[in-house]
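Novice: So that we are looking at the same thing, I have put the structure below in structure tokens.
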Amino acid sequence: MNFDNKYVLILDDEPYSMKQSYKSITNFVTPEHVFCAKSALEAIKIMEGKKIDLAFIDIEMPDTNGFTVVEYIASNFINTKYVFLTGHTEFGAKSYDYEPLDFLIKPIDIIRLKKTFERFDKSLINEEVQDNLVAVDTGTGFILLSPTDICYIAKENRKILIQCDNQSYKVNSSLDELEIIFSDYGFIRTHQSFLVPLSRIESVEHSRFGNTYSAKLNSGQLIPVSRNRYGKLRYYLFSRGIKFI
């Protein structure tokens, strides 16, 4: 776990409790990246000026309560995850109505805190996976696909076919539109009717008479490569550090 680029907030009105929590949390986060607030207003001001990734929120405070604070966070800082802190276990059941990352009893047990940060780390990984998904409109709804599952995208008559390893999907988007979207995922236009992920191409060979080319995919499928796209394909590979020998 490496959280050197993450920022943490601790909201607690009790100085001693704050000090103990800070000491524990800085075992996992760079001290300069840990901000402390004694009131909800102070916490909000910090969050307005700095992107906070994880907030530790005390439930019991004189000016408000932690439940109200996390409602505000959930509405205004949607990318911030939060953990409830309390000295009273009876708040545990109610706290989970607010879907916190975790619930910790004060003073924080360092081993228990480690599990909290492991959970935080896992949530970040899951978000990265979700960021690499594409929602494909199927006409009756949509399906989430990872670009790595796509073998190729082809134009067939007036429909666009997205061919995956075990299934294909017909979509209404144009190939030009999909080229713009999937260029961020390493797809290249090999032909006016085909988009292919670079990672799937094993070889490119010309035809017997040298007028046309074909790209062989790792699935064994042969995809046409037009003459004018062949040069662009070579340049695309070269620009990404692939050597031609």
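Chain identifiers are assigned as A, B, and so on, following the order in which chains appear in the structure tokens; residues are numbered from 1 within each chain, and ligands are numbered from 1 in order of appearance.
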Can you pull out every residue within 9 Å of Asp12 of chain A, counting only C-alpha atoms, but drop anything in the same chain fewer than 2 positions away, and send it as a VMD selection string?
Specialist: chain A and resid 10 14 to 15 17 to 18 36 to 40 56 to 61 85
Novice: Write the residues of the selection above to a file with C-alpha atoms, as a tab-separated table (two decimals), in the first residue's frame.
Specialist:
chain	number	residue	atom	x	y	z
A	10	ILE	CA	-9.41	13.96	10.55
A	14	GLU	CA	-11.25	16.31	21.23
A	15	PRO	CA	-7.54	17.37	21.16
A	17	SER	CA	-8.24	11.92	20.57
A	18	MET	CA	-7.17	13.94	17.52
A	36	CYS	CA	-6.94	18.12	11.11
A	37	ALA	CA	-10.21	19.93	11.82
A	38	LYS	CA	-11.90	20.60	15.17
A	39	SER	CA	-15.31	21.49	13.72
A	40	ALA	CA	-17.50	20.69	10.76
A	56	PHE	CA	-12.04	10.18	9.36
A	57	ILE	CA	-15.16	11.66	10.95
A	58	ASP	CA	-15.94	11.71	14.66
A	59	ILE	CA	-19.63	11.00	15.21
A	60	GLU	CA	-20.12	13.04	18.39
A	61	MET	CA	-19.35	16.77	18.18
A	85	LEU	CA	-14.74	7.42	14.49
Novice: According to DSSP computed on the backbone, where in segment 22-195 of chain A is there strand (DSSP E)? Give the residues as an MDAnalysis selection string.
Specialist: chainID A and resid 34:37 54:58 81:86 102:105 134:137 142:145 150:156 159:164 168:171 187:191 194:195
Novice: Looking at A:Ile153, A:Ala135, A:Leu11, A:Leu198, which one is nearest to Asn65 of chain A, with distances taken over only C-alpha atoms?
Specialist: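 Comparing A:Ile153, A:Ala135, A:Leu11, A:Leu198 against Asn65 of chain A, the winner is A:Leu11.
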Novice: Near Val204 of chain A, counting only C-alpha atoms, which residues have an atom at most 12 Å away, once you skip same-chain residues fewer than 6 positions from it, shown as a ChimeraX atom specification?
Specialist: /A:190,198,212-218,221-227,229-231,233-234,237
Novice: With N, CA and C atoms retained, export the selected residues as a short mmCIF file (atom, residue, chain, number, x, y, z; two decimals), in the first residue's frame.
Specialist:
data_model
loop_
_atom_site.label_atom_id
_atom_site.label_comp_id
_atom_site.auth_asym_id
_atom_site.auth_seq_id
_atom_site.Cartn_x
_atom_site.Cartn_y
_atom_site.Cartn_z
N THR A 190 -7.75 -0.11 -39.22
CA THR A 190 -6.95 -0.80 -40.22
C THR A 190 -7.60 -0.76 -41.60
N LEU A 198 -4.47 -2.82 -30.87
CA LEU A 198 -3.08 -3.15 -31.19
C LEU A 198 -2.62 -4.40 -30.46
N THR A 212 -3.16 -5.87 -51.24
CA THR A 212 -3.85 -5.69 -49.96
C THR A 212 -3.05 -6.36 -48.86
N TYR A 213 -3.45 -6.06 -47.61
CA TYR A 213 -2.77 -6.63 -46.44
C TYR A 213 -3.81 -7.21 -45.49
N SER A 214 -3.34 -8.08 -44.62
CA SER A 214 -4.20 -8.66 -43.58
C SER A 214 -3.47 -8.65 -42.25
N ALA A 215 -4.20 -8.33 -41.21
CA ALA A 215 -3.66 -8.41 -39.84
C ALA A 215 -4.17 -9.68 -39.20
N LYS A 216 -3.26 -10.50 -38.71
CA LYS A 216 -3.66 -11.73 -38.03
C LYS A 216 -3.75 -11.44 -36.53
N LEU A 217 -4.91 -11.69 -35.96
CA LEU A 217 -5.13 -11.46 -34.53
C LEU A 217 -4.74 -12.70 -33.74
N ASN A 218 -4.58 -12.53 -32.43
CA ASN A 218 -4.20 -13.67 -31.59
C ASN A 218 -5.31 -14.71 -31.48
N GLN A 221 -8.15 -14.77 -36.24
CA GLN A 221 -8.96 -14.03 -37.19
C GLN A 221 -8.08 -13.16 -38.09
N LEU A 222 -8.41 -13.08 -39.35
CA LEU A 222 -7.72 -12.21 -40.30
C LEU A 222 -8.56 -10.97 -40.56
N ILE A 223 -7.97 -9.80 -40.34
CA ILE A 223 -8.66 -8.53 -40.51
C ILE A 223 -8.00 -7.77 -41.67
N PRO A 224 -8.77 -7.25 -42.60
CA PRO A 224 -8.16 -6.52 -43.72
C PRO A 224 -7.48 -5.22 -43.29
N VAL A 225 -6.37 -4.94 -43.95
CA VAL A 225 -5.64 -3.69 -43.75
C VAL A 225 -5.51 -3.04 -45.12
N SER A 226 -6.13 -1.91 -45.30
CA SER A 226 -6.08 -1.24 -46.61
C SER A 226 -4.69 -0.67 -46.86
N ARG A 227 -4.36 -0.43 -48.12
CA ARG A 227 -3.02 0.02 -48.47
C ARG A 227 -2.69 1.36 -47.81
N ARG A 229 -3.90 2.50 -45.09
CA ARG A 229 -3.85 2.34 -43.63
C ARG A 229 -2.59 1.58 -43.20
N TYR A 230 -2.00 0.85 -44.11
CA TYR A 230 -0.81 0.05 -43.77
C TYR A 230 0.33 0.97 -43.30
N GLY A 231 0.57 2.04 -44.03
CA GLY A 231 1.62 2.98 -43.64
C GLY A 231 1.31 3.64 -42.30
N LEU A 233 -0.43 2.32 -39.92
CA LEU A 233 -0.24 1.30 -38.90
C LEU A 233 1.23 1.18 -38.52
N ARG A 234 2.11 1.19 -39.52
CA ARG A 234 3.55 1.13 -39.23
C ARG A 234 3.99 2.34 -38.40
N LEU A 237 2.81 2.05 -34.78
CA LEU A 237 3.65 1.14 -34.02
C LEU A 237 4.98 1.78 -33.70
#
Novice: Which residue gives the smallest distance to Val34 of chain A among A:Lys19, A:Lys170, A:Tyr236, A:Val8, with only C-alpha atoms counted?
Specialist: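 Counting only C-alpha atoms, the residue closest to Val34 of chain A is A:Val8.
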Novice: Restricting the calculation to only C-alpha atoms, which member of A:Ile245, A:Ile150, A:Val29, A:Val83 is positioned closest to Leu104 of chain A?
Specialist: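 The closest residue to Leu104 of chain A is A:Val83.
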Novice: Rounded to one decimal in Å, what is the spacing between atom CA of Ser219 of chain A and atom CA of Val196 of chain A?
Specialist: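 Atom-to-atom, atom CA of Ser219 of chain A and atom CA of Val196 of chain A are spaced 12.2 Å apart.
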Novice: Considering only C-alpha atoms, return as a PDB file with all heavy atoms, in the first residue's frame whatever protein or nucleic-acid residues lie within 10 Å of Asn172 of chain A, sequence-local ones (same chain, fewer than 6 positions apart) excluded.
Specialist:
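Wrote out17.pdb, looks like this:
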ATOM      1  N   VAL A 136     -21.769   0.020 -23.430  1.00  0.00           N
ATOM      2  CA  VAL A 136     -22.193  -0.170 -24.816  1.00  0.00           C
ATOM      3  C   VAL A 136     -23.720  -0.259 -24.878  1.00  0.00           C
ATOM      4  O   VAL A 136     -24.317  -1.123 -24.232  1.00  0.00           O
ATOM      5  CB  VAL A 136     -21.566  -1.451 -25.414  1.00  0.00           C
ATOM      6  CG1 VAL A 136     -22.087  -1.695 -26.822  1.00  0.00           C
ATOM      7  CG2 VAL A 136     -20.045  -1.342 -25.414  1.00  0.00           C
ATOM      8  N   ASP A 137     -24.322   0.647 -25.623  1.00  0.00           N
ATOM      9  CA  ASP A 137     -25.779   0.660 -25.793  1.00  0.00           C
ATOM     10  C   ASP A 137     -26.191  -0.482 -26.716  1.00  0.00           C
ATOM     11  O   ASP A 137     -25.744  -0.570 -27.859  1.00  0.00           O
ATOM     12  CB  ASP A 137     -26.214   1.999 -26.387  1.00  0.00           C
ATOM     13  CG  ASP A 137     -27.723   2.173 -26.383  1.00  0.00           C
ATOM     14  OD1 ASP A 137     -28.439   1.179 -26.180  1.00  0.00           O
ATOM     15  OD2 ASP A 137     -28.181   3.302 -26.587  1.00  0.00           O
ATOM     16  N   THR A 138     -27.047  -1.360 -26.220  1.00  0.00           N
ATOM     17  CA  THR A 138     -27.468  -2.527 -27.011  1.00  0.00           C
ATOM     18  C   THR A 138     -28.845  -2.353 -27.648  1.00  0.00           C
ATOM     19  O   THR A 138     -29.352  -3.256 -28.296  1.00  0.00           O
ATOM     20  CB  THR A 138     -27.495  -3.782 -26.114  1.00  0.00           C
ATOM     21  OG1 THR A 138     -28.445  -3.576 -25.055  1.00  0.00           O
ATOM     22  CG2 THR A 138     -26.125  -4.075 -25.536  1.00  0.00           C
ATOM     23  N   GLY A 139     -29.450  -1.190 -27.434  1.00  0.00           N
ATOM     24  CA  GLY A 139     -30.790  -0.966 -27.972  1.00  0.00           C
ATOM     25  C   GLY A 139     -31.862  -1.246 -26.951  1.00  0.00           C
ATOM     26  O   GLY A 139     -32.885  -0.556 -26.891  1.00  0.00           O
ATOM     27  N   ARG A 158     -25.338  -1.670 -42.308  1.00  0.00           N
ATOM     28  CA  ARG A 158     -25.549  -0.385 -41.632  1.00  0.00           C
ATOM     29  C   ARG A 158     -25.360  -0.491 -40.122  1.00  0.00           C
ATOM     30  O   ARG A 158     -25.603   0.484 -39.399  1.00  0.00           O
ATOM     31  CB  ARG A 158     -26.959   0.143 -41.927  1.00  0.00           C
ATOM     32  CG  ARG A 158     -27.169   0.473 -43.398  1.00  0.00           C
ATOM     33  CD  ARG A 158     -28.537   1.082 -43.613  1.00  0.00           C
ATOM     34  NE  ARG A 158     -28.735   1.435 -45.019  1.00  0.00           N
ATOM     35  CZ  ARG A 158     -29.836   2.010 -45.495  1.00  0.00           C
ATOM     36  NH1 ARG A 158     -30.845   2.301 -44.660  1.00  0.00           N
ATOM     37  NH2 ARG A 158     -29.933   2.300 -46.774  1.00  0.00           N
ATOM     38  N   LYS A 159     -24.954  -1.632 -39.655  1.00  0.00           N
ATOM     39  CA  LYS A 159     -24.767  -1.855 -38.227  1.00  0.00           C
ATOM     40  C   LYS A 159     -23.276  -1.966 -37.891  1.00  0.00           C
ATOM     41  O   LYS A 159     -22.462  -2.309 -38.742  1.00  0.00           O
ATOM     42  CB  LYS A 159     -25.483  -3.132 -37.774  1.00  0.00           C
ATOM     43  CG  LYS A 159     -26.997  -3.006 -37.710  1.00  0.00           C
ATOM     44  CD  LYS A 159     -27.416  -2.114 -36.553  1.00  0.00           C
ATOM     45  CE  LYS A 159     -28.932  -2.103 -36.380  1.00  0.00           C
ATOM     46  NZ  LYS A 159     -29.361  -1.261 -35.247  1.00  0.00           N
ATOM     47  N   ILE A 160     -22.967  -1.664 -36.640  1.00  0.00           N
ATOM     48  CA  ILE A 160     -21.606  -1.827 -36.139  1.00  0.00           C
ATOM     49  C   ILE A 160     -21.592  -3.022 -35.198  1.00  0.00           C
ATOM     50  O   ILE A 160     -22.404  -3.104 -34.268  1.00  0.00           O
ATOM     51  CB  ILE A 160     -21.117  -0.566 -35.398  1.00  0.00           C
ATOM     52  CG1 ILE A 160     -21.140   0.636 -36.339  1.00  0.00           C
ATOM     53  CG2 ILE A 160     -19.709  -0.784 -34.848  1.00  0.00           C
ATOM     54  CD1 ILE A 160     -20.232   0.515 -37.533  1.00  0.00           C
ATOM     55  N   LEU A 161     -20.659  -3.915 -35.420  1.00  0.00           N
ATOM     56  CA  LEU A 161     -20.537  -5.131 -34.619  1.00  0.00           C
ATOM     57  C   LEU A 161     -19.305  -5.036 -33.731  1.00  0.00           C
ATOM     58  O   LEU A 161     -18.195  -4.808 -34.218  1.00  0.00           O
ATOM     59  CB  LEU A 161     -20.408  -6.352 -35.535  1.00  0.00           C
ATOM     60  CG  LEU A 161     -20.264  -7.717 -34.843  1.00  0.00           C
ATOM     61  CD1 LEU A 161     -21.614  -8.156 -34.276  1.00  0.00           C
ATOM     62  CD2 LEU A 161     -19.741  -8.753 -35.824  1.00  0.00           C
TER      63      LEU A 161
END
Novice: Per DSSP on the backbone, filter segment 46-175 of chain A down to the residues in alpha helix (DSSP H) and report them as a ChimeraX atom specification.
Specialist: /A:46-49,66-76,92-95,110-131,175
Novice: Generate the output file for the selected residues, C-alpha atoms, as an mmCIF file, in the first residue's frame.
Specialist:
data_model
loop_
_atom_site.group_PDB
_atom_site.id
_atom_site.type_symbol
_atom_site.label_atom_id
_atom_site.label_comp_id
_atom_site.auth_asym_id
_atom_site.auth_seq_id
_atom_site.Cartn_x
_atom_site.Cartn_y
_atom_site.Cartn_z
ATOM 1 C CA ILE A 46 -10.235 22.314 4.219
ATOM 2 C CA MET A 47 -12.115 20.145 1.741
ATOM 3 C CA GLU A 48 -13.012 23.130 -0.406
ATOM 4 C CA GLY A 49 -9.315 23.983 -0.719
ATOM 5 C CA GLY A 66 -20.740 12.948 12.033
ATOM 6 C CA PHE A 67 -23.821 11.652 10.245
ATOM 7 C CA THR A 68 -24.759 15.161 9.124
ATOM 8 C CA VAL A 69 -21.178 15.802 8.013
ATOM 9 C CA VAL A 70 -20.987 12.686 5.827
ATOM 10 C CA GLU A 71 -24.335 13.536 4.246
ATOM 11 C CA TYR A 72 -22.780 16.831 3.206
ATOM 12 C CA ILE A 73 -19.627 15.096 1.985
ATOM 13 C CA ALA A 74 -21.618 12.553 -0.027
ATOM 14 C CA SER A 75 -23.494 15.389 -1.761
ATOM 15 C CA ASN A 76 -20.630 17.813 -2.341
ATOM 16 C CA GLY A 92 -22.159 1.105 14.782
ATOM 17 C CA ALA A 93 -25.488 -0.123 13.417
ATOM 18 C CA LYS A 94 -26.738 3.338 12.490
ATOM 19 C CA SER A 95 -23.431 4.321 10.870
ATOM 20 C CA ILE A 110 -3.227 0.210 14.702
ATOM 21 C CA ILE A 111 -3.882 -3.340 13.437
ATOM 22 C CA ARG A 112 -7.535 -2.524 12.877
ATOM 23 C CA LEU A 113 -6.529 0.701 11.098
ATOM 24 C CA LYS A 114 -4.285 -1.291 8.775
ATOM 25 C CA LYS A 115 -7.358 -3.244 7.662
ATOM 26 C CA THR A 116 -9.133 0.054 6.995
ATOM 27 C CA PHE A 117 -6.345 1.188 4.682
ATOM 28 C CA GLU A 118 -6.316 -2.226 2.990
ATOM 29 C CA ARG A 119 -10.020 -1.716 2.320
ATOM 30 C CA PHE A 120 -9.293 1.787 1.029
ATOM 31 C CA ASP A 121 -6.578 0.400 -1.257
ATOM 32 C CA LYS A 122 -8.966 -2.232 -2.621
ATOM 33 C CA SER A 123 -11.615 0.404 -3.311
ATOM 34 C CA LEU A 124 -9.090 2.422 -5.343
ATOM 35 C CA ILE A 125 -8.202 -0.648 -7.412
ATOM 36 C CA ASN A 126 -11.884 -1.329 -8.056
ATOM 37 C CA GLU A 127 -12.350 2.258 -9.211
ATOM 38 C CA GLU A 128 -9.443 1.927 -11.628
ATOM 39 C CA VAL A 129 -11.076 -1.177 -13.091
ATOM 40 C CA GLN A 130 -14.390 0.649 -13.464
ATOM 41 C CA ASP A 131 -12.629 3.571 -15.138
ATOM 42 C CA LEU A 175 -17.368 3.591 -36.676
#
Novice: Leaving out Asp176 of chain A and any residue of its chain fewer than 6 positions from it, which residues lie within 12 Å of it when counting only C-alpha atoms, given as a short mmCIF file (atom, residue, chain, number, x, y, z; two decimals) with N, CA and C atoms, in the first residue's frame?
Specialist:
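around09.cif, freshly written:
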data_model
loop_
_atom_site.label_atom_id
_atom_site.label_comp_id
_atom_site.auth_asym_id
_atom_site.auth_seq_id
_atom_site.Cartn_x
_atom_site.Cartn_y
_atom_site.Cartn_z
N ILE A 153 -13.79 -4.36 -33.91
CA ILE A 153 -15.06 -3.70 -34.16
C ILE A 153 -15.19 -3.56 -35.67
N ALA A 154 -16.33 -3.98 -36.21
CA ALA A 154 -16.50 -4.02 -37.67
C ALA A 154 -17.83 -3.41 -38.09
N LYS A 155 -17.82 -2.83 -39.28
CA LYS A 155 -19.05 -2.33 -39.88
C LYS A 155 -19.62 -3.40 -40.79
N ILE A 160 -22.97 -1.66 -36.64
CA ILE A 160 -21.61 -1.83 -36.14
C ILE A 160 -21.59 -3.02 -35.20
N PHE A 182 -12.38 4.71 -28.77
CA PHE A 182 -11.47 3.60 -28.50
C PHE A 182 -10.01 3.89 -28.84
N SER A 183 -9.73 5.04 -29.43
CA SER A 183 -8.33 5.40 -29.67
C SER A 183 -7.57 5.54 -28.35
N ILE A 188 -6.86 0.89 -33.42
CA ILE A 188 -6.44 1.57 -34.63
C ILE A 188 -7.33 1.15 -35.79
N ARG A 189 -7.60 2.07 -36.69
CA ARG A 189 -8.43 1.81 -37.87
C ARG A 189 -7.53 1.16 -38.93
N HIS A 191 -8.87 -0.41 -41.62
CA HIS A 191 -9.66 -0.46 -42.84
C HIS A 191 -10.87 0.42 -42.60
N GLN A 192 -11.52 0.88 -43.67
CA GLN A 192 -12.68 1.74 -43.48
C GLN A 192 -13.80 1.06 -42.69
N SER A 193 -13.73 -0.28 -42.60
CA SER A 193 -14.79 -1.02 -41.91
C SER A 193 -14.32 -1.73 -40.65
N PHE A 194 -13.05 -1.49 -40.21
CA PHE A 194 -12.54 -2.23 -39.05
C PHE A 194 -11.72 -1.36 -38.10
N LEU A 195 -11.99 -1.58 -36.81
CA LEU A 195 -11.17 -1.05 -35.72
C LEU A 195 -10.59 -2.23 -34.96
#
